[in-house]
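K.L.:
One structure, as structure tokens, below. Some questions next.
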Amino acid sequence: MPKILSCNYIDCNSVFSRRSHLKIHERTHTGEKPFKCDYLGCISAFSRLDVLKNHKLIHTGKMQYECNYEDCISVFSQLNNLKRHKKMHNNETPYKCDYIDCTYAFSRIDVLKKHKMEHTDGNPFKCEYPECYSTFYLSSELKRHKMVHTGERPYECSYEGCKSTFSQFGNLKRHKKIHEKIHEKA
């Protein structure tokens, strides 16, 4: 039976059978982008190697997807970019800003995210609790912050007789080291 690996981030129930897939997934929480484009002048970076390889097609000039709208000469190296481009022609704006009194809507989610940063001083994730104006750069940071309001402490110490609980997994790990040191001395 294959080993099941779980994501340790709060409110994330993702599981994986391979450590490499878990590591790739965890980058969605951390924002880590270790795969950097090495073309001169390009500063793009990605969380997955396959996405970097697709990105490099932009630099090689292999543009195989053409827009078929009248008078449009746009071509793309990736099919998903063509699909995103076509939304502009159709005036599709499925990504709507959810801030109070804001009526902006966009054809691309990345443009919506950039727009939302105007509302939050560069941090797109805002706390919805009344009287709390905290904003965060990563959704995982917001999830962790919400525990300040809820008092939730989902991480329990498994050492016998210890009833300590924590709101963050890292604090539990640090706490367990205290038990390990005591155990070593005994």
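Note on naming: chains are A, B, ... as they come in the structure tokens, residues start from 1 per chain, ligands start from 1 in the order shown.
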Might you pull out every residue within 10 Å of region 30-36 of chain A, with only C-alpha atoms counted and same-chain residues fewer than 6 positions away left off, and present them as a list in words?
P.N.:
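After dropping sequence-adjacent residues, the list is Tyr9, Ile24, Cys42, Ile43, Ser44, Ala45, Phe46, Ser47, Arg48, Leu49, Asp50, Val51, Leu52, Lys53, Tyr137, Leu138, Ser139, Ser140 and Glu141 of chain A.
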K.L.:
Taking only region 13-149 of chain A into account, list the residues labelled strand (DSSP E or B) by DSSP (computed from the backbone), as a list in words.
P.N.:
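Assigned to strand (DSSP E or B), within region 13-149 of chain A: Val15, Phe16, Phe35, Lys36, Ala45, Phe46, Tyr65, Glu66, Val75, Phe76, Tyr95, Lys96, Ala105, Phe106, Phe125, Lys126, Thr135 and Phe136 of chain A.
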K.L.:
As a PyMOL selection string, please: the residues near Met88 (chain A) (cut-off 12 Å, only C-alpha atoms, same-chain neighbours under 2 positions excluded).
P.N.:
chain A and resi 67+69+72+81-86+90-94+105-108
K.L.:
Taking N, CA, C and O atoms for each residue, export the selection above as a CSV table (one decimal), in the first residue's frame.
P.N.:
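The new file part.csv reads:
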chain,number,residue,atom,x,y,z
A,67,CYS,N,-4.9,33.5,-33.3
A,67,CYS,CA,-6.2,34.0,-33.0
A,67,CYS,C,-6.9,34.1,-34.4
A,67,CYS,O,-6.4,34.6,-35.3
A,69,TYR,N,-9.9,35.7,-34.9
A,69,TYR,CA,-10.8,36.8,-35.0
A,69,TYR,C,-10.3,37.7,-36.1
A,69,TYR,O,-9.1,37.9,-36.3
A,72,CYS,N,-7.2,40.3,-36.3
A,72,CYS,CA,-6.4,40.1,-35.1
A,72,CYS,C,-5.2,39.3,-35.6
A,72,CYS,O,-5.4,38.2,-36.3
A,81,ASN,N,-3.0,30.5,-23.4
A,81,ASN,CA,-2.8,31.9,-23.6
A,81,ASN,C,-3.7,32.4,-24.7
A,81,ASN,O,-4.3,33.5,-24.6
A,82,LEU,N,-3.9,31.6,-25.7
A,82,LEU,CA,-4.9,31.9,-26.8
A,82,LEU,C,-6.3,32.0,-26.2
A,82,LEU,O,-7.0,32.9,-26.5
A,83,LYS,N,-6.7,31.0,-25.4
A,83,LYS,CA,-8.0,31.0,-24.8
A,83,LYS,C,-8.2,32.2,-24.0
A,83,LYS,O,-9.3,32.9,-24.1
A,84,ARG,N,-7.2,32.6,-23.2
A,84,ARG,CA,-7.3,33.8,-22.4
A,84,ARG,C,-7.5,35.0,-23.2
A,84,ARG,O,-8.3,35.9,-23.0
A,85,HIS,N,-6.7,35.1,-24.3
A,85,HIS,CA,-6.8,36.2,-25.3
A,85,HIS,C,-8.2,36.3,-25.9
A,85,HIS,O,-8.7,37.5,-26.0
A,86,LYS,N,-8.8,35.2,-26.3
A,86,LYS,CA,-10.1,35.2,-26.9
A,86,LYS,C,-11.2,35.8,-26.0
A,86,LYS,O,-12.2,36.4,-26.5
A,90,ASN,N,-14.4,38.5,-26.8
A,90,ASN,CA,-15.8,38.2,-26.5
A,90,ASN,C,-16.4,39.1,-25.4
A,90,ASN,O,-17.5,39.0,-25.0
A,91,ASN,N,-15.5,40.0,-24.9
A,91,ASN,CA,-15.9,40.9,-23.8
A,91,ASN,C,-16.3,40.1,-22.6
A,91,ASN,O,-17.2,40.6,-21.8
A,92,GLU,N,-15.8,39.0,-22.4
A,92,GLU,CA,-16.1,38.2,-21.2
A,92,GLU,C,-15.3,38.8,-20.0
A,92,GLU,O,-14.1,39.0,-20.1
A,93,THR,N,-16.0,39.0,-18.9
A,93,THR,CA,-15.4,39.5,-17.7
A,93,THR,C,-15.9,38.7,-16.5
A,93,THR,O,-16.6,39.2,-15.7
A,94,PRO,N,-15.5,37.4,-16.5
A,94,PRO,CA,-16.0,36.5,-15.4
A,94,PRO,C,-15.4,36.8,-14.0
A,94,PRO,O,-15.9,36.4,-13.0
A,105,ALA,N,-14.6,44.4,-13.3
A,105,ALA,CA,-14.6,43.0,-13.7
A,105,ALA,C,-13.6,42.8,-14.8
A,105,ALA,O,-13.3,43.8,-15.6
A,106,PHE,N,-13.0,41.6,-14.9
A,106,PHE,CA,-11.9,41.4,-15.8
A,106,PHE,C,-12.0,40.1,-16.5
A,106,PHE,O,-12.7,39.2,-16.0
A,107,SER,N,-11.3,40.0,-17.6
A,107,SER,CA,-11.4,38.8,-18.4
A,107,SER,C,-10.3,37.8,-17.9
A,107,SER,O,-10.3,36.6,-18.2
A,108,ARG,N,-9.3,38.3,-17.1
A,108,ARG,CA,-8.2,37.5,-16.6
A,108,ARG,C,-8.1,37.6,-15.1
A,108,ARG,O,-8.2,38.7,-14.6
